[in-house]
file entry.txt (compact mmCIF, C-alpha atoms)
# COMPACT_ATOMS: atom_id res chain seq x y z
CA MET A 28 50.88 -105.44 -32.66
CA GLU A 29 52.61 -105.41 -36.02
CA GLN A 30 49.24 -105.27 -37.76
CA PHE A 31 48.19 -102.23 -35.62
CA GLN A 32 51.41 -100.41 -36.39
CA ALA A 33 50.93 -101.09 -40.09
CA PHE A 34 47.34 -99.76 -39.90
CA TRP A 35 48.44 -96.64 -37.99
CA SER A 36 51.26 -95.96 -40.40
CA GLY A 37 48.79 -96.24 -43.27
CA LEU A 38 46.62 -93.41 -41.90
CA PRO A 39 47.25 -89.88 -43.23
CA ASP A 40 49.18 -87.43 -41.11
CA LEU A 41 46.42 -85.79 -39.05
CA SER A 42 48.72 -83.09 -37.74
CA GLY A 43 49.57 -82.08 -41.29
CA ILE A 44 45.89 -81.96 -42.26
CA VAL A 45 45.03 -79.88 -39.21
CA MET A 46 47.91 -77.51 -39.93
CA HIS A 47 46.85 -77.24 -43.57
CA LEU A 48 43.26 -76.43 -42.61
CA ALA A 49 44.45 -73.94 -39.99
CA VAL A 50 46.59 -72.10 -42.53
CA THR A 51 43.70 -72.09 -45.03
CA LEU A 52 41.32 -70.74 -42.42
CA ALA A 53 43.87 -68.11 -41.40
CA ILE A 54 44.19 -66.99 -45.04
CA LEU A 55 40.42 -66.66 -45.29
CA VAL A 56 40.03 -64.72 -42.04
CA ILE A 57 43.03 -62.47 -42.58
CA GLY A 58 42.10 -61.81 -46.21
CA TRP A 59 38.54 -60.93 -45.24
CA ALA A 60 39.80 -58.59 -42.52
CA VAL A 61 42.28 -56.99 -44.94
CA SER A 62 39.45 -56.34 -47.43
CA ASN A 63 37.43 -54.55 -44.73
CA LEU A 64 40.48 -52.54 -43.67
CA LEU A 65 41.16 -51.51 -47.26
CA GLY A 66 37.53 -50.45 -47.65
CA ARG A 67 37.73 -48.27 -44.55
CA TRP A 68 41.10 -46.91 -45.67
CA VAL A 69 39.69 -45.90 -49.07
CA ARG A 70 36.78 -44.08 -47.40
CA HIS A 71 39.14 -42.42 -44.89
CA ILE A 72 41.46 -41.15 -47.63
CA ALA A 73 38.50 -39.88 -49.65
CA ASP A 74 37.06 -38.03 -46.66
CA ARG A 75 40.36 -36.27 -45.97
CA SER A 76 41.10 -35.29 -49.57
CA SER A 77 39.28 -32.37 -51.17
CA ARG A 78 40.31 -33.52 -54.66
CA ILE A 79 38.31 -36.75 -54.54
CA ASP A 80 34.68 -36.49 -55.55
CA PRO A 81 32.47 -38.05 -52.81
CA THR A 82 30.28 -39.50 -55.56
CA VAL A 83 32.84 -42.13 -56.56
CA VAL A 84 33.77 -43.21 -53.02
CA PRO A 85 31.05 -45.88 -52.44
CA ILE A 86 31.63 -47.70 -55.72
CA VAL A 87 35.45 -47.55 -55.43
CA ARG A 88 35.19 -48.93 -51.91
CA SER A 89 32.90 -51.77 -53.05
CA VAL A 90 35.15 -52.67 -55.98
CA THR A 91 38.26 -52.66 -53.76
CA VAL A 92 36.67 -54.82 -51.05
CA TRP A 93 35.26 -57.44 -53.39
CA ALA A 94 38.38 -57.60 -55.57
CA VAL A 95 40.42 -58.56 -52.49
CA ARG A 96 37.77 -61.03 -51.33
CA ILE A 97 37.65 -62.79 -54.71
CA VAL A 98 41.44 -63.20 -54.69
CA VAL A 99 41.27 -64.56 -51.14
CA LEU A 100 38.56 -67.06 -52.05
CA LEU A 101 40.55 -68.28 -55.06
CA ALA A 102 43.63 -68.71 -52.87
CA VAL A 103 41.64 -70.69 -50.29
CA LEU A 104 40.17 -72.95 -52.96
CA ALA A 105 43.63 -73.52 -54.44
CA ARG A 106 44.96 -74.63 -51.05
CA LEU A 107 42.03 -77.03 -50.71
CA GLY A 108 43.02 -78.66 -53.97
CA VAL A 109 40.31 -77.22 -56.17
CA GLN A 110 41.37 -76.61 -59.76
CA THR A 111 40.88 -72.86 -60.00
CA ALA A 112 41.30 -72.81 -63.78
CA SER A 113 38.22 -74.95 -64.30
CA LEU A 114 36.47 -73.02 -61.57
CA VAL A 115 37.17 -69.72 -63.30
CA ALA A 116 35.85 -71.15 -66.57
CA MET A 117 32.73 -72.36 -64.79
CA LEU A 118 32.29 -68.99 -63.14
CA GLY A 119 32.64 -67.30 -66.52
CA ALA A 120 29.90 -69.47 -68.01
CA SER A 121 27.73 -68.87 -64.95
CA ALA A 122 28.35 -65.13 -65.20
CA LEU A 123 27.20 -65.19 -68.82
CA ALA A 124 24.00 -67.01 -67.91
CA ILE A 125 23.35 -64.71 -64.96
CA GLY A 126 24.07 -61.67 -67.13
CA LEU A 127 21.47 -62.76 -69.66
CA ALA A 128 18.96 -63.28 -66.86
CA LEU A 129 19.75 -59.98 -65.20
CA GLN A 130 19.99 -57.65 -68.18
CA GLY A 131 18.11 -54.87 -66.39
CA THR A 132 20.42 -55.06 -63.38
CA LEU A 133 23.51 -54.97 -65.59
CA GLN A 134 22.07 -51.98 -67.41
CA ASN A 135 21.80 -50.22 -64.05
CA PHE A 136 25.43 -51.15 -63.36
CA ALA A 137 26.56 -49.78 -66.73
CA ALA A 138 24.52 -46.61 -66.18
CA GLY A 139 26.15 -46.22 -62.76
CA ILE A 140 29.58 -46.44 -64.36
CA MET A 141 28.61 -43.76 -66.88
CA LEU A 142 27.30 -41.52 -64.09
CA LEU A 143 30.59 -41.89 -62.25
CA VAL A 144 32.76 -41.33 -65.33
CA LEU A 145 30.91 -38.38 -66.88
CA ARG A 146 29.55 -37.08 -63.54
CA PRO A 147 26.43 -35.18 -64.62
CA VAL A 148 25.48 -35.30 -60.94
CA ARG A 149 27.64 -35.32 -57.84
CA ALA A 150 27.04 -35.94 -54.17
CA GLY A 151 25.65 -32.84 -52.47
CA GLU A 152 24.17 -31.29 -55.61
CA PHE A 153 20.47 -30.48 -55.92
CA VAL A 154 19.11 -31.85 -59.16
CA ALA A 155 15.79 -32.59 -60.84
CA ILE A 156 15.42 -35.80 -62.83
CA GLY A 157 12.91 -35.27 -65.63
CA GLY A 158 9.60 -36.87 -64.64
CA GLN A 159 11.18 -38.82 -61.75
CA GLY A 160 11.64 -36.32 -58.92
CA SER A 161 14.14 -33.91 -57.45
CA GLY A 162 16.41 -33.74 -54.44
CA THR A 163 19.97 -33.57 -53.17
CA VAL A 164 22.21 -36.38 -54.42
CA ASP A 165 23.23 -38.47 -51.42
CA GLU A 166 25.00 -41.42 -53.04
CA ILE A 167 25.48 -43.04 -56.44
CA GLY A 168 25.69 -46.78 -55.95
CA LEU A 169 26.39 -49.65 -58.30
CA PHE A 170 22.72 -50.06 -59.19
CA MET A 171 20.74 -47.28 -57.47
CA THR A 172 21.12 -43.55 -56.85
CA ARG A 173 19.83 -42.14 -53.57
CA PHE A 174 18.34 -38.64 -53.29
CA VAL A 175 17.08 -36.65 -50.31
CA GLN A 176 14.05 -34.50 -51.14
CA VAL A 177 13.52 -31.06 -49.68
CA ASP A 178 11.01 -32.54 -47.21
CA GLY A 179 13.65 -34.97 -45.90
CA ILE A 180 12.29 -38.08 -47.64
CA HIS A 181 14.80 -40.43 -49.29
CA ILE A 182 14.08 -41.65 -52.80
CA LEU A 183 15.95 -44.36 -54.67
CA LEU A 184 16.06 -44.38 -58.46
CA PRO A 185 17.60 -47.08 -60.68
CA ASN A 186 20.66 -45.74 -62.43
CA THR A 187 19.09 -46.31 -65.85
CA LEU A 188 16.29 -43.85 -65.01
CA VAL A 189 18.80 -41.24 -63.88
CA TRP A 190 21.08 -41.70 -66.88
CA GLY A 191 18.25 -41.92 -69.40
CA SER A 192 16.28 -38.86 -68.19
CA PRO A 193 16.89 -35.13 -68.61
CA ILE A 194 18.89 -33.84 -65.64
CA THR A 195 18.53 -30.28 -64.39
CA ASN A 196 21.43 -29.44 -62.08
CA TYR A 197 20.73 -26.44 -59.85
CA SER A 198 24.02 -26.58 -57.93
CA ARG A 199 26.69 -27.01 -60.60
CA ASN A 200 27.14 -23.28 -61.27
CA LYS A 201 28.20 -20.94 -58.49
CA THR A 202 25.61 -18.28 -59.37
CA ARG A 203 21.94 -18.28 -60.36
CA ARG A 204 19.63 -15.71 -61.88
CA LEU A 205 16.42 -14.73 -60.11
CA ASP A 206 13.48 -13.23 -62.03
CA MET A 207 10.52 -11.76 -60.17
CA LEU A 208 7.38 -10.17 -61.66
CA LEU A 209 5.47 -7.34 -59.94
CA GLY A 210 2.37 -5.51 -61.09
CA VAL A 211 2.04 -1.68 -61.17
CA ARG A 212 -1.30 0.03 -61.71
CA TYR A 213 -1.76 2.02 -64.92
CA ASP A 214 -2.64 5.22 -63.04
CA ASP A 215 0.45 5.01 -60.76
CA ASP A 216 3.86 6.55 -61.43
CA LEU A 217 5.74 3.87 -63.39
CA ASP A 218 9.10 5.66 -63.15
CA ALA A 219 8.72 5.91 -59.37
CA ALA A 220 8.03 2.18 -59.18
CA LEU A 221 11.09 1.35 -61.30
CA GLY A 222 13.31 3.64 -59.24
CA THR A 223 12.05 2.21 -55.93
CA LEU A 224 12.67 -1.39 -56.99
CA GLN A 225 16.07 -0.54 -58.49
CA ALA A 226 17.15 1.07 -55.22
CA LEU A 227 15.94 -2.00 -53.33
CA VAL A 228 18.02 -4.49 -55.34
CA ASP A 229 21.07 -2.20 -55.50
CA ARG A 230 21.42 -2.11 -51.73
CA HIS A 231 20.51 -5.75 -51.04
CA ASP A 232 23.44 -7.71 -49.59
CA ASP A 233 22.65 -10.98 -51.42
CA VAL A 234 22.38 -9.38 -54.89
CA LEU A 235 25.58 -9.58 -56.92
CA ALA A 236 26.90 -6.41 -58.52
CA ASP A 237 28.12 -8.32 -61.58
CA PRO A 238 26.02 -8.99 -63.61
CA ALA A 239 24.30 -5.76 -62.67
CA PRO A 240 20.74 -6.01 -61.33
CA GLN A 241 17.99 -4.87 -63.68
CA VAL A 242 14.43 -3.61 -63.23
CA MET A 243 12.45 -3.32 -66.46
CA VAL A 244 8.96 -3.27 -67.89
CA MET A 245 8.11 -6.77 -69.08
CA GLU A 246 4.54 -6.78 -70.39
CA TYR A 247 1.13 -5.12 -70.25
CA ARG A 248 -1.87 -6.89 -68.84
CA ASP A 249 -5.52 -6.00 -68.40
CA SER A 250 -5.20 -4.07 -65.16
CA SER A 251 -1.45 -3.74 -64.49
CA ILE A 252 1.97 -3.15 -66.00
CA MET A 253 4.26 -6.09 -65.21
CA VAL A 254 7.72 -5.08 -64.00
CA ASN A 255 10.49 -7.68 -63.95
CA ILE A 256 13.26 -7.71 -61.33
CA ARG A 257 16.28 -9.60 -62.69
CA VAL A 258 19.19 -10.16 -60.32
CA TRP A 259 22.00 -12.66 -59.83
CA ALA A 260 22.90 -14.35 -56.56
CA ARG A 261 25.21 -17.04 -55.25
CA ALA A 262 23.66 -20.49 -55.58
CA ASP A 263 23.66 -21.04 -51.81
CA LYS A 264 21.91 -17.67 -51.28
CA TYR A 265 19.32 -18.03 -54.03
CA TRP A 266 16.34 -19.07 -51.90
CA ASP A 267 17.16 -16.58 -49.14
CA LEU A 268 17.09 -13.81 -51.74
CA TYR A 269 13.96 -15.23 -53.39
CA PHE A 270 11.89 -15.14 -50.21
CA ASP A 271 13.32 -11.82 -49.03
CA LEU A 272 12.55 -10.00 -52.29
CA HIS A 273 9.01 -11.34 -52.32
CA ARG A 274 8.59 -9.83 -48.87
CA GLN A 275 10.38 -6.51 -49.37
CA ALA A 276 9.39 -5.52 -52.94
CA PRO A 277 5.61 -5.05 -52.36
CA LEU A 278 6.37 -3.33 -49.05
CA ALA A 279 8.77 -0.88 -50.74
CA LEU A 280 6.17 0.00 -53.38
CA ARG A 281 3.52 0.69 -50.73
CA GLN A 282 5.93 2.86 -48.77
CA ALA A 283 6.56 4.85 -51.98
CA GLY A 284 2.82 5.59 -52.19
CA LEU A 285 2.03 3.09 -54.93
CA ARG A 286 -1.06 0.95 -54.68
CA SER A 287 -1.33 -2.77 -55.21
CA PRO A 288 -2.86 -3.59 -58.60
CA ILE A 289 -6.31 -5.10 -58.50
CA PRO A 290 -8.44 -6.27 -61.43
CA LEU A 291 -10.51 -3.37 -62.77
CA ARG A 292 -13.51 -3.50 -65.04
CA GLU A 293 -15.17 -0.50 -66.69
CA VAL A 294 -18.94 -0.78 -66.75
CA GLN A 295 -20.90 1.57 -69.05
CA SER A 296 -24.62 2.14 -68.78
CA ILE A 297 -26.41 2.42 -72.16
CA PRO A 298 -30.00 3.83 -72.08
CA LEU A 299 -32.61 1.63 -73.68
CA ALA A 300 -34.23 3.03 -76.87
CA LYS A 301 -38.00 3.50 -76.76
CA HIS A 302 -40.18 1.21 -78.89
CA PRO A 303 -41.27 3.04 -82.12
CA ASP A 304 -44.96 2.09 -81.83
CA LYS A 305 -45.15 3.27 -78.26
CA ALA A 306 -43.42 6.51 -79.21
CA ALA A 307 -45.95 7.17 -82.04
CA SER A 308 -48.98 6.50 -79.85
CA ALA A 309 -47.59 8.79 -77.24
call {"tool": "encode", "arguments": {"input": "entry.txt", "output": "structure tokens"}}
result
Amino acid sequence: MEQFQAFWSGLPDLSGIVMHLAVTLAILVIGWAVSNLLGRWVRHIADRSSRIDPTVVPIVRSVTVWAVRIVVLLAVLARLGVQTASLVAMLGASALAIGLALQGTLQNFAAGIMLLVLRPVRAGEFVAIGGQGSGTVDEIGLFMTRFVQVDGIHILLPNTLVWGSPITNYSRNKTRRLDMLLGVRYDDDLDAALGTLQALVDRHDDVLADPAPQVMVMEYRDSSIMVNIRVWARADKYWDLYFDLHRQAPLALRQAGLRSPIPLREVQSIPLAKHPDKAASA
């Protein structure tokens, strides 16, 4: 009996071990849940605030979530008796090796940071990336930027391609200029055509009064005089105005009695000269 009691007393305190593991597991579960709650809280605050750019929300949420999770994992390892200092040093060396192996990925990460800091594109803007495509910016992630094309197809571009290519932003300014060319026949009344088109743009609801709309002769071609309509519109009304003017302008010219220009060619008939020998014999 004395030997059994000595053996039992030599065993570690199982209740203490179980309690220690339970506390460690609770820290892990609660910390993981807190990271998810913080991520949802960041997105909720961003959605309710008009001052926060939606472009930065995904990356801020990811950084917040994983920062909390890394702290939680270090705390769990510390409670399990792992030397976190040596672990951090090992992680640093591993990060260096992984960084050398994943240079392209880290370049995408750095380009994503630059896109978020300088913000040449923002969520909801329609842009064209030189030689890569065009579409509405849906989300700028840590490594990829997602666009939605006009036909509804999603495209994903690495951040390095977006950052390293010319970017044409069609939505950044509130107004856009629309230029439209129309042909007028040479034998039609040019002043009547200019007056008809000027009246059309002056009364159009989507044409801005400032800058004032202009109708002017642009160039001369083989069979027509090219007249340019130059107007300004709000960016969200640009395409409505574009399609409406292309429908109404030719109709207004026809109603004013002007004809649509068609290619014309002047053909002259030159009589053939008689052969000299035949003329002499005759």
call {"tool": "residues_around", "arguments": {"input": "entry.txt", "residues": "range 240-244 of chain A", "least_positions_apart": "2", "cutoff": "10 Å", "atoms": "all atoms listed in the file", "output": "VMD selection string"}}
result
chain A and resid 204 to 211 217 220 to 226 228 to 229 234 to 238 246 to 247 252 to 260
call {"tool": "closest_residue", "arguments": {"input": "entry.txt", "among": "A:Val154, A:Ala73, A:Leu104, A:Val144", "to": "Arg173 in chain A", "atoms": "all atoms listed in the file"}}
result
A:Val154
call {"tool": "closest_residue", "arguments": {"input": "entry.txt", "among": "A:Val61, A:Ala219, A:Met245, A:Phe174", "to": "Gln282 in chain A", "atoms": "all atoms listed in the file"}}
result
A:Ala219
call {"tool": "residues_near_point", "arguments": {"input": "entry.txt", "point": "(1.2, -3.4, -52.2)", "cutoff": "12 Å", "atoms": "only C-alpha atoms", "output": "list in words"}}
result
Leu209, Gly210, Val211, Arg212, Ala220, His273, Arg274, Gln275, Ala276, Pro277, Leu278, Ala279, Leu280, Arg281, Gln282, Ala283, Gly284, Leu285, Arg286, Ser287, Pro288 and Ile289 of chain A
call {"tool": "atom_distance", "arguments": {"input": "entry.txt", "atom1": "CA of Asp267 in chain A", "atom2": "CA of Asp233 in chain A"}}
result
8.2 Å
call {"tool": "residues_around", "arguments": {"input": "entry.txt", "residues": "range 146-153 of chain A", "least_positions_apart": "4", "cutoff": "8 Å", "atoms": "all atoms listed in the file", "output": "mmCIF file with C-alpha atoms, keeping the file's coordinate frame"}}
result
data_model
loop_
_atom_site.group_PDB
_atom_site.id
_atom_site.type_symbol
_atom_site.label_atom_id
_atom_site.label_comp_id
_atom_site.auth_asym_id
_atom_site.auth_seq_id
_atom_site.Cartn_x
_atom_site.Cartn_y
_atom_site.Cartn_z
ATOM 1 C CA ASP A 80 34.680 -36.490 -55.550
ATOM 2 C CA PRO A 81 32.470 -38.050 -52.810
ATOM 3 C CA THR A 82 30.280 -39.500 -55.560
ATOM 4 C CA MET A 141 28.610 -43.760 -66.880
ATOM 5 C CA LEU A 142 27.300 -41.520 -64.090
ATOM 6 C CA SER A 161 14.140 -33.910 -57.450
ATOM 7 C CA GLY A 162 16.410 -33.740 -54.440
ATOM 8 C CA THR A 163 19.970 -33.570 -53.170
ATOM 9 C CA VAL A 164 22.210 -36.380 -54.420
ATOM 10 C CA ASP A 165 23.230 -38.470 -51.420
ATOM 11 C CA GLU A 166 25.000 -41.420 -53.040
ATOM 12 C CA ILE A 167 25.480 -43.040 -56.440
ATOM 13 C CA ILE A 194 18.890 -33.840 -65.640
ATOM 14 C CA ASN A 196 21.430 -29.440 -62.080
ATOM 15 C CA TYR A 197 20.730 -26.440 -59.850
ATOM 16 C CA SER A 198 24.020 -26.580 -57.930
ATOM 17 C CA ARG A 199 26.690 -27.010 -60.600
#
call {"tool": "atom_distance", "arguments": {"input": "entry.txt", "atom1": "CA of Val95 in chain A", "atom2": "CA of Ile72 in chain A"}}
result
18.1 Å
call {"tool": "atom_distance", "arguments": {"input": "entry.txt", "atom1": "CA of Gly157 in chain A", "atom2": "CA of Leu184 in chain A"}}
result
12.0 Å
call {"tool": "closest_residue", "arguments": {"input": "entry.txt", "among": "A:Leu64, A:Leu107, A:Leu272, A:Ala155", "to": "Val92 in chain A", "atoms": "all atoms listed in the file"}}
result
A:Leu64
call {"tool": "closest_residue", "arguments": {"input": "entry.txt", "among": "A:Ile180, A:Ile156, A:Leu169, A:Ala49", "to": "Ser192 in chain A", "atoms": "only C-alpha atoms"}}
result
A:Ile156
